[in-house]
$ cat run-v7.tsv   # TSV, C-alpha atoms
chain	number	residue	atom	x	y	z
R	1	MET	CA	0.00	0.00	0.00
R	2	LEU	CA	2.93	2.33	-0.59
R	3	SER	CA	1.30	3.86	-3.65
R	4	GLU	CA	-2.15	5.07	-4.56
R	5	PRO	CA	-4.05	2.36	-6.46
R	6	ARG	CA	-4.70	3.16	-10.11
R	7	SER	CA	-8.31	2.16	-9.57
R	8	GLY	CA	-8.55	4.89	-6.93
R	9	ARG	CA	-7.34	7.55	-9.35
R	10	LEU	CA	-9.65	6.33	-12.10
R	11	ALA	CA	-12.70	6.23	-9.84
R	12	ALA	CA	-12.02	9.55	-8.08
R	13	TRP	CA	-11.29	11.61	-11.19
R	14	GLY	CA	-13.84	9.70	-13.26
R	15	ASN	CA	-16.49	10.62	-10.69
R	16	ALA	CA	-15.39	14.27	-10.77
R	17	LEU	CA	-15.64	14.22	-14.57
R	18	LEU	CA	-19.07	12.55	-14.60
R	19	ALA	CA	-20.34	15.15	-12.13
R	20	GLY	CA	-18.92	18.05	-14.14
R	21	PHE	CA	-16.31	19.18	-11.60
R	22	VAL	CA	-13.34	18.76	-13.95
R	23	SER	CA	-12.67	18.75	-17.68
R	24	PRO	CA	-11.90	15.53	-19.60
R	25	ASP	CA	-8.29	16.65	-20.15
R	26	ASP	CA	-7.72	17.35	-16.44
R	27	ALA	CA	-9.34	14.06	-15.42
R	28	VAL	CA	-7.25	11.97	-17.83
R	29	LEU	CA	-4.04	13.77	-16.83
R	30	ALA	CA	-4.69	12.97	-13.15
R	31	ILE	CA	-5.67	9.36	-13.84
R	32	VAL	CA	-2.60	8.60	-15.94
R	33	GLY	CA	-0.26	10.25	-13.43
R	34	GLU	CA	3.33	9.16	-14.04
R	35	ASP	CA	2.34	6.34	-16.40
R	36	ALA	CA	2.94	6.76	-20.13
R	37	VAL	CA	-0.53	5.91	-21.37
R	38	HIS	CA	-3.79	4.25	-20.35
R	39	ARG	CA	-6.14	2.46	-22.75
R	40	VAL	CA	-9.45	0.65	-22.31
R	41	GLU	CA	-10.04	-2.68	-24.06
R	42	GLY	CA	-13.31	-4.56	-24.47
R	43	LEU	CA	-15.56	-1.51	-24.25
R	44	PRO	CA	-18.99	-2.22	-25.77
R	45	GLY	CA	-19.22	-0.77	-29.26
R	46	GLU	CA	-15.46	-0.62	-29.77
R	47	SER	CA	-13.47	-3.17	-31.78
R	48	GLY	CA	-10.14	-2.37	-30.14
R	49	PRO	CA	-8.46	-0.42	-27.34
R	50	VAL	CA	-9.45	3.24	-26.95
R	51	GLY	CA	-8.11	6.17	-24.95
R	52	LEU	CA	-9.45	7.20	-21.56
R	53	THR	CA	-11.25	10.30	-22.82
R	54	LEU	CA	-13.32	8.31	-25.29
R	55	ALA	CA	-13.80	5.46	-22.82
R	56	LEU	CA	-15.15	7.67	-20.04
R	57	GLY	CA	-17.51	9.36	-22.46
R	58	ARG	CA	-18.70	6.01	-23.76
R	59	LEU	CA	-19.28	4.70	-20.22
R	60	ARG	CA	-21.43	7.77	-19.52
R	61	GLY	CA	-23.40	7.02	-22.70
R	62	LEU	CA	-23.88	3.43	-21.53
R	63	GLY	CA	-25.49	4.69	-18.32
R	64	ALA	CA	-22.61	5.00	-15.87
R	65	VAL	CA	-23.30	7.71	-13.29
R	66	GLY	CA	-20.51	6.85	-10.86
R	67	LEU	CA	-17.45	4.66	-10.31
R	68	ARG	CA	-16.65	2.48	-7.32
R	69	VAL	CA	-13.35	0.95	-6.23
R	70	ALA	CA	-12.66	-2.67	-5.28
R	71	LEU	CA	-9.42	-3.70	-3.53
R	72	PRO	CA	-9.76	-7.47	-3.10
R	73	ALA	CA	-7.25	-9.80	-1.48
R	74	PRO	CA	-7.24	-13.60	-1.05
R	75	GLY	CA	-10.22	-14.51	1.12
R	76	HIS	CA	-11.52	-10.94	1.08
R	77	PRO	CA	-13.50	-9.90	-2.06
R	78	LEU	CA	-13.62	-6.28	-0.91
R	79	GLY	CA	-15.85	-4.16	-3.16
R	80	LEU	CA	-16.71	-6.96	-5.59
R	81	SER	CA	-20.15	-8.24	-6.54
R	82	GLY	CA	-19.38	-10.86	-9.20
R	83	PRO	CA	-19.55	-12.69	-11.51
R	84	PRO	CA	-16.71	-15.12	-10.71
R	85	ASP	CA	-14.66	-14.37	-13.83
R	86	PHE	CA	-14.58	-10.66	-13.09
R	87	ASN	CA	-13.79	-11.32	-9.43
R	88	ALA	CA	-10.90	-13.59	-10.44
R	89	ARG	CA	-9.40	-10.93	-12.73
R	90	ALA	CA	-9.81	-8.27	-10.05
R	91	LEU	CA	-8.25	-10.50	-7.40
R	92	GLU	CA	-5.25	-11.16	-9.63
R	93	ALA	CA	-4.78	-7.40	-10.16
R	94	GLU	CA	-5.67	-6.66	-6.51
R	95	GLU	CA	-7.91	-3.81	-7.68
R	96	ALA	CA	-10.78	-2.92	-10.00
R	97	VAL	CA	-13.33	-0.23	-10.79
R	98	VAL	CA	-17.06	-0.99	-10.96
R	99	CYS	CA	-19.52	1.28	-12.77
R	100	GLN	CA	-22.71	2.40	-11.07
R	101	GLY	CA	-25.60	2.49	-13.54
R	102	ALA	CA	-23.90	0.23	-16.10
R	103	ALA	CA	-23.16	-3.44	-15.51
R	104	LEU	CA	-19.48	-3.03	-16.37
R	105	GLY	CA	-16.18	-3.16	-14.52
R	106	LEU	CA	-12.59	-2.27	-15.34
R	107	VAL	CA	-9.50	-4.24	-14.29
R	108	PRO	CA	-6.01	-2.86	-14.95
R	109	GLU	CA	-3.15	-4.76	-16.52
R	110	VAL	CA	0.23	-3.06	-16.22
R	111	TYR	CA	3.06	-3.37	-18.74
R	112	GLU	CA	6.61	-2.06	-18.70
R	113	ALA	CA	8.14	-1.13	-22.04
R	114	GLY	CA	11.30	0.50	-23.36
R	115	PRO	CA	15.05	-0.08	-23.06
R	116	ALA	CA	16.92	-0.29	-19.75
R	117	GLY	CA	17.19	3.13	-18.19
R	118	ASP	CA	14.19	4.42	-20.14
R	119	VAL	CA	11.39	2.10	-19.06
R	120	HIS	CA	7.86	3.48	-19.13
R	121	VAL	CA	4.59	2.06	-17.84
R	122	GLU	CA	1.53	1.40	-19.96
R	123	VAL	CA	-1.84	0.36	-18.53
R	124	VAL	CA	-4.65	-1.50	-20.28
R	125	TRP	CA	-8.02	-1.48	-18.50
R	126	HIS	CA	-10.02	-4.59	-19.41
R	127	CYS	CA	-13.74	-3.83	-19.54
R	128	LEU	CA	-15.85	-6.78	-18.40
R	129	ALA	CA	-19.44	-7.49	-17.43
R	130	VAL	CA	-20.26	-7.29	-13.70
R	131	ARG	CA	-23.22	-8.28	-11.58
R	132	GLU	CA	-25.36	-5.37	-10.40
R	133	ALA	CA	-25.45	-6.09	-6.67
R	134	PRO	CA	-24.21	-4.46	-3.44
R	135	PRO	CA	-20.39	-4.58	-3.20
R	136	ALA	CA	-18.88	-6.93	-0.64
R	137	ASP	CA	-17.80	-5.70	2.80
R	138	VAL	CA	-17.64	-1.94	2.09
R	139	PRO	CA	-18.22	0.12	5.26
R	140	SER	CA	-19.62	3.61	5.51
R	141	LEU	CA	-17.15	6.46	5.99
R	142	GLY	CA	-18.07	6.74	9.65
R	143	GLU	CA	-17.61	3.03	10.25
R	144	ALA	CA	-14.30	3.03	8.39
R	145	GLU	CA	-12.95	5.94	10.39
R	146	ARG	CA	-13.85	4.34	13.73
R	147	GLU	CA	-12.50	0.92	12.75
R	148	LEU	CA	-9.25	2.41	11.47
R	149	ALA	CA	-8.61	4.39	14.65
R	150	GLU	CA	-9.26	1.32	16.82
R	151	ALA	CA	-7.12	-0.98	14.67
R	152	LEU	CA	-4.26	1.49	14.64
R	153	ARG	CA	-4.29	1.77	18.45
R	154	ASP	CA	-4.34	-2.01	18.88
R	155	ALA	CA	-1.58	-2.61	16.35
R	156	THR	CA	0.65	0.13	17.75
R	157	ARG	CA	0.32	-1.34	21.24
R	158	VAL	CA	1.15	-4.88	20.11
R	159	LEU	CA	4.04	-3.85	17.86
R	160	SER	CA	5.53	-1.68	20.57
R	161	GLN	CA	5.39	-4.59	23.01
R	162	LEU	CA	7.23	-6.74	20.45
R	163	ASP	CA	9.80	-4.01	19.79
R	164	VAL	CA	9.04	-4.04	16.06
R	165	ALA	CA	11.02	-1.48	14.11
R	166	ALA	CA	7.99	-0.05	12.32
R	167	SER	CA	6.33	1.10	15.55
R	168	GLY	CA	8.88	3.77	16.51
R	169	PRO	CA	10.04	7.25	15.49
R	170	VAL	CA	12.42	5.96	12.81
R	171	ALA	CA	9.52	4.39	10.96
R	172	GLU	CA	7.41	7.51	11.44
R	173	ALA	CA	10.20	9.60	9.91
R	174	ALA	CA	10.46	7.19	6.98
R	175	VAL	CA	6.72	7.39	6.38
R	176	ASP	CA	6.74	11.20	6.55
R	177	ALA	CA	9.63	11.39	4.09
R	178	TYR	CA	7.93	9.02	1.69
R	179	ARG	CA	4.63	10.88	1.85
R	180	ALA	CA	6.38	14.19	1.25
R	181	ARG	CA	7.89	12.80	-1.96
R	182	ALA	CA	4.84	10.87	-3.11
R	183	GLU	CA	2.25	13.57	-2.46
R	184	ARG	CA	4.13	16.65	-3.61
R	185	GLY	CA	1.70	18.47	-5.86
R	186	ARG	CA	-0.89	15.66	-5.66
R	187	GLU	CA	-4.47	16.05	-4.50
R	188	VAL	CA	-5.54	13.29	-2.13
R	189	LEU	CA	-8.94	13.05	-3.84
R	190	ALA	CA	-10.55	14.72	-6.82
R	191	PRO	CA	-12.79	17.81	-6.56
R	192	GLY	CA	-16.27	17.14	-5.23
R	193	TYR	CA	-15.35	14.63	-2.53
R	194	PRO	CA	-16.47	15.36	1.05
R	195	PRO	CA	-13.74	16.45	3.52
R	196	ARG	CA	-14.37	13.38	5.66
R	197	ALA	CA	-13.47	11.12	2.73
R	198	VAL	CA	-10.16	12.97	2.34
R	199	ARG	CA	-9.47	12.56	6.06
R	200	VAL	CA	-10.28	8.82	6.02
R	201	LEU	CA	-8.17	8.21	2.92
R	202	GLU	CA	-5.18	10.08	4.36
R	203	LEU	CA	-5.34	8.00	7.56
R	204	ALA	CA	-5.79	4.75	5.62
R	205	GLN	CA	-2.78	5.55	3.44
R	206	ARG	CA	-0.69	6.41	6.47
R	207	VAL	CA	-1.62	3.13	8.15
R	208	GLY	CA	-0.82	1.27	4.94
R	209	LEU	CA	2.60	2.90	4.80
R	210	LEU	CA	3.33	1.92	8.39
R	211	ILE	CA	2.42	-1.68	7.61
R	212	SER	CA	4.66	-1.66	4.53
R	213	VAL	CA	7.57	-0.22	6.51
R	214	ALA	CA	7.04	-2.90	9.15
R	215	TYR	CA	7.31	-5.69	6.59
R	216	GLU	CA	10.19	-4.10	4.69
R	217	ASN	CA	12.27	-3.71	7.84
R	218	GLY	CA	12.32	-7.43	8.53
R	219	HIS	CA	11.19	-8.76	11.88
R	220	GLY	CA	12.45	-5.86	13.98
R	221	GLY	CA	12.83	-7.07	17.55
R	222	ALA	CA	10.50	-10.03	17.00
R	223	VAL	CA	13.09	-12.82	17.01
R	224	THR	CA	11.21	-15.88	18.22
R	225	ALA	CA	8.66	-17.80	16.17
R	226	SER	CA	5.88	-16.88	18.58
R	227	GLU	CA	6.82	-13.19	18.47
R	228	MET	CA	6.91	-13.21	14.66
R	229	ALA	CA	3.51	-14.89	14.58
R	230	ALA	CA	2.11	-12.32	17.00
R	231	ARG	CA	3.55	-9.54	14.86
R	232	ALA	CA	1.92	-10.91	11.70
R	233	GLU	CA	-1.32	-11.43	13.59
R	234	ALA	CA	-1.24	-7.78	14.71
R	235	LEU	CA	-0.60	-6.44	11.21
R	236	ARG	CA	-3.07	-8.59	9.27
R	237	PRO	CA	-6.36	-7.11	10.56
R	238	VAL	CA	-4.96	-3.58	10.39
R	239	GLU	CA	-4.04	-4.03	6.73
R	240	ARG	CA	-7.55	-5.35	6.05
R	241	THR	CA	-9.12	-2.42	7.87
R	242	ALA	CA	-6.95	0.07	5.97
R	243	ARG	CA	-8.04	-1.41	2.64
R	244	ARG	CA	-11.70	-1.22	3.70
R	245	ALA	CA	-11.21	2.42	4.68
R	246	GLN	CA	-9.58	3.23	1.33
R	247	VAL	CA	-12.52	1.73	-0.54
R	248	ALA	CA	-15.00	3.62	1.65
R	249	ALA	CA	-13.21	6.90	0.93
R	250	TYR	CA	-13.03	6.42	-2.84
R	251	ASN	CA	-16.67	5.28	-2.94
R	252	ALA	CA	-17.95	8.17	-0.82
R	253	PHE	CA	-18.81	10.19	-3.92
R	254	VAL	CA	-21.20	7.51	-5.16
R	255	GLU	CA	-22.56	6.83	-1.67
R	256	GLU	CA	-23.51	10.48	-1.25
R	257	ARG	CA	-25.21	10.50	-4.62
R	258	GLU	CA	-27.25	7.43	-3.66
R	259	ARG	CA	-28.34	9.09	-0.41
R	260	GLY	CA	-29.41	12.19	-2.31
R	261	VAL	CA	-26.80	14.44	-0.74
R	262	ARG	CA	-25.74	15.76	-4.17
$ encode --input "run-v7.tsv" --output "structure tokens"
Amino acid sequence: MLSEPRSGRLAAWGNALLAGFVSPDDAVLAIVGEDAVHRVEGLPGESGPVGLTLALGRLRGLGAVGLRVALPAPGHPLGLSGPPDFNARALEAEEAVVCQGAALGLVPEVYEAGPAGDVHVEVVWHCLAVREAPPADVPSLGEAERELAEALRDATRVLSQLDVAASGPVAEAAVDAYRARAERGREVLAPGYPPRAVRVLELAQRVGLLISVAYENGHGGAVTASEMAARAEALRPVERTARRAQVAAYNAFVEERERGVR
């Protein structure tokens, strides 16, 4: 969870575009980010891959009024609603976007191209049929915020007891340095999102970074098998909660629309 999921950028800026908060050019620029190019393959009515601008317009014409995020992991189909073939593709990619109002979903496939020293990233979004049903295990923003705060307190306590490297000031400094580099000039969410969604996403990303630092710094002070097991047991539910919170934040735009807030 060191980086923002591409599905998050697509859903957030796609929602802002569908609602008229940003122009197509601005939305596509934000979605592509540092990648070289994004294309959409399998879009109804198109015989081959098309660019994001055309794809987002076509999805609107097909009835899409909003975009949701799914961040599934083994044993946790977070944000998915089926069918099995779409779920399997999303699980392999560990992310997907699901259209509200059109029974379609998008799963990214990432390619690296170019010679050594000049490698660039290309992304193909595969458009597939989805089942129109409530997404799995997605909390409300309020629920996500409460769960995240509780999980973070529990994990910090356990990791501190085990003397794990990622629970101390060195890890905090590493996270702050990474965020300063990664978020320089980047909006956390697209225009039109509620402030609470921004707050939840920022906390979820910070928790995800702490978990990543914990894993990347080895076992810290957890040297026995039982301590390592306890450490993994402490991190696992926090990582799950952080993913749920991320999905809740990205999907807040659509949730508000469904409640008639917009």
$ closest_residue --input "run-v7.tsv" --among "R:Ala232, R:Leu189, R:Leu78, R:Ala36" --to "R:Arg9" --atoms "all atoms listed in the file"
R:Leu189
$ atom_distance --input "run-v7.tsv" --atom1 "atom CA of R:Asp118" --atom2 "atom CA of R:Thr53"
26.2 Å
$ closest_residue --input "run-v7.tsv" --among "R:Glu112, R:Glu46, R:Glu256, R:Glu94" --to "R:Gly75" --atoms "only C-alpha atoms"
R:Glu94
$ closest_residue --input "run-v7.tsv" --among "R:Asp25, R:Asp137, R:Glu132, R:Glu41" --to "R:Leu104" --atoms "all atoms listed in the file"
R:Glu132
$ atom_distance --input "run-v7.tsv" --atom1 "atom CA of R:Ala245" --atom2 "atom CA of R:Pro194"
14.4 Å
$ closest_residue --input "run-v7.tsv" --among "R:Val40, R:Ala197, R:Leu56, R:Ala116" --to "R:Ser23" --atoms "only C-alpha atoms"
R:Leu56
$ closest_residue --input "run-v7.tsv" --among "R:Gly33, R:Pro237, R:Pro84, R:Pro49" --to "R:Trp125" --atoms "all atoms listed in the file"
R:Pro49
$ atom_distance --input "run-v7.tsv" --atom1 "atom CA of R:Glu258" --atom2 "atom CA of R:Ser81"
17.4 Å
$ build_atoms --input "run-v7.tsv" --residues "stretch 114-138 of chain R" --atoms "N, CA and C atoms" --output "compact mmCIF listing (two decimals), in the coordinates of the input"
# COMPACT_ATOMS: atom_id res chain seq x y z
N GLY R 114 10.17 -0.40 -23.13
CA GLY R 114 11.30 0.50 -23.36
C GLY R 114 12.61 -0.13 -22.93
N PRO R 115 13.72 0.45 -23.38
CA PRO R 115 15.05 -0.08 -23.06
C PRO R 115 15.43 0.20 -21.61
N ALA R 116 16.43 -0.50 -21.11
CA ALA R 116 16.92 -0.29 -19.75
C ALA R 116 17.33 1.17 -19.57
N GLY R 117 16.89 1.73 -18.47
CA GLY R 117 17.19 3.13 -18.19
C GLY R 117 16.15 4.09 -18.74
N ASP R 118 15.25 3.57 -19.58
CA ASP R 118 14.19 4.42 -20.14
C ASP R 118 12.88 3.64 -20.21
N VAL R 119 12.59 2.93 -19.12
CA VAL R 119 11.39 2.10 -19.06
C VAL R 119 10.18 2.98 -18.72
N HIS R 120 9.10 2.76 -19.43
CA HIS R 120 7.86 3.48 -19.13
C HIS R 120 6.74 2.47 -18.90
N VAL R 121 5.70 2.93 -18.23
CA VAL R 121 4.59 2.06 -17.84
C VAL R 121 3.36 2.36 -18.69
N GLU R 122 2.78 1.30 -19.23
CA GLU R 122 1.53 1.40 -19.96
C GLU R 122 0.48 0.56 -19.24
N VAL R 123 -0.76 1.05 -19.23
CA VAL R 123 -1.84 0.36 -18.53
C VAL R 123 -2.98 0.10 -19.50
N VAL R 124 -3.45 -1.14 -19.53
CA VAL R 124 -4.65 -1.50 -20.28
C VAL R 124 -5.73 -1.87 -19.28
N TRP R 125 -6.86 -1.17 -19.34
CA TRP R 125 -8.02 -1.48 -18.50
C TRP R 125 -8.93 -2.42 -19.29
N HIS R 126 -9.14 -3.62 -18.76
CA HIS R 126 -10.02 -4.59 -19.41
C HIS R 126 -11.45 -4.38 -18.93
N CYS R 127 -12.34 -4.09 -19.86
CA CYS R 127 -13.74 -3.83 -19.54
C CYS R 127 -14.50 -5.15 -19.61
N LEU R 128 -15.16 -5.50 -18.50
CA LEU R 128 -15.85 -6.78 -18.40
C LEU R 128 -17.24 -6.58 -17.79
N ALA R 129 -18.11 -7.55 -18.02
CA ALA R 129 -19.44 -7.49 -17.43
C ALA R 129 -19.37 -7.76 -15.93
N VAL R 130 -20.18 -7.07 -15.15
CA VAL R 130 -20.26 -7.29 -13.70
C VAL R 130 -21.71 -7.52 -13.31
N ARG R 131 -21.89 -8.06 -12.13
CA ARG R 131 -23.22 -8.28 -11.58
C ARG R 131 -23.65 -7.02 -10.83
N GLU R 132 -24.84 -6.55 -11.09
CA GLU R 132 -25.36 -5.37 -10.40
C GLU R 132 -25.92 -5.80 -9.04
N ALA R 133 -25.09 -5.67 -8.02
CA ALA R 133 -25.45 -6.09 -6.67
C ALA R 133 -24.61 -5.27 -5.69
N PRO R 134 -25.01 -5.22 -4.42
CA PRO R 134 -24.21 -4.46 -3.44
C PRO R 134 -22.79 -5.00 -3.36
N PRO R 135 -21.78 -4.13 -3.29
CA PRO R 135 -20.39 -4.58 -3.20
C PRO R 135 -20.10 -5.22 -1.85
N ALA R 136 -19.17 -6.16 -1.84
CA ALA R 136 -18.88 -6.93 -0.64
C ALA R 136 -18.07 -6.14 0.37
N ASP R 137 -18.57 -6.12 1.63
CA ASP R 137 -17.80 -5.70 2.80
C ASP R 137 -17.31 -4.25 2.76
N VAL R 138 -18.05 -3.35 2.13
CA VAL R 138 -17.64 -1.94 2.09
C VAL R 138 -18.35 -1.18 3.21
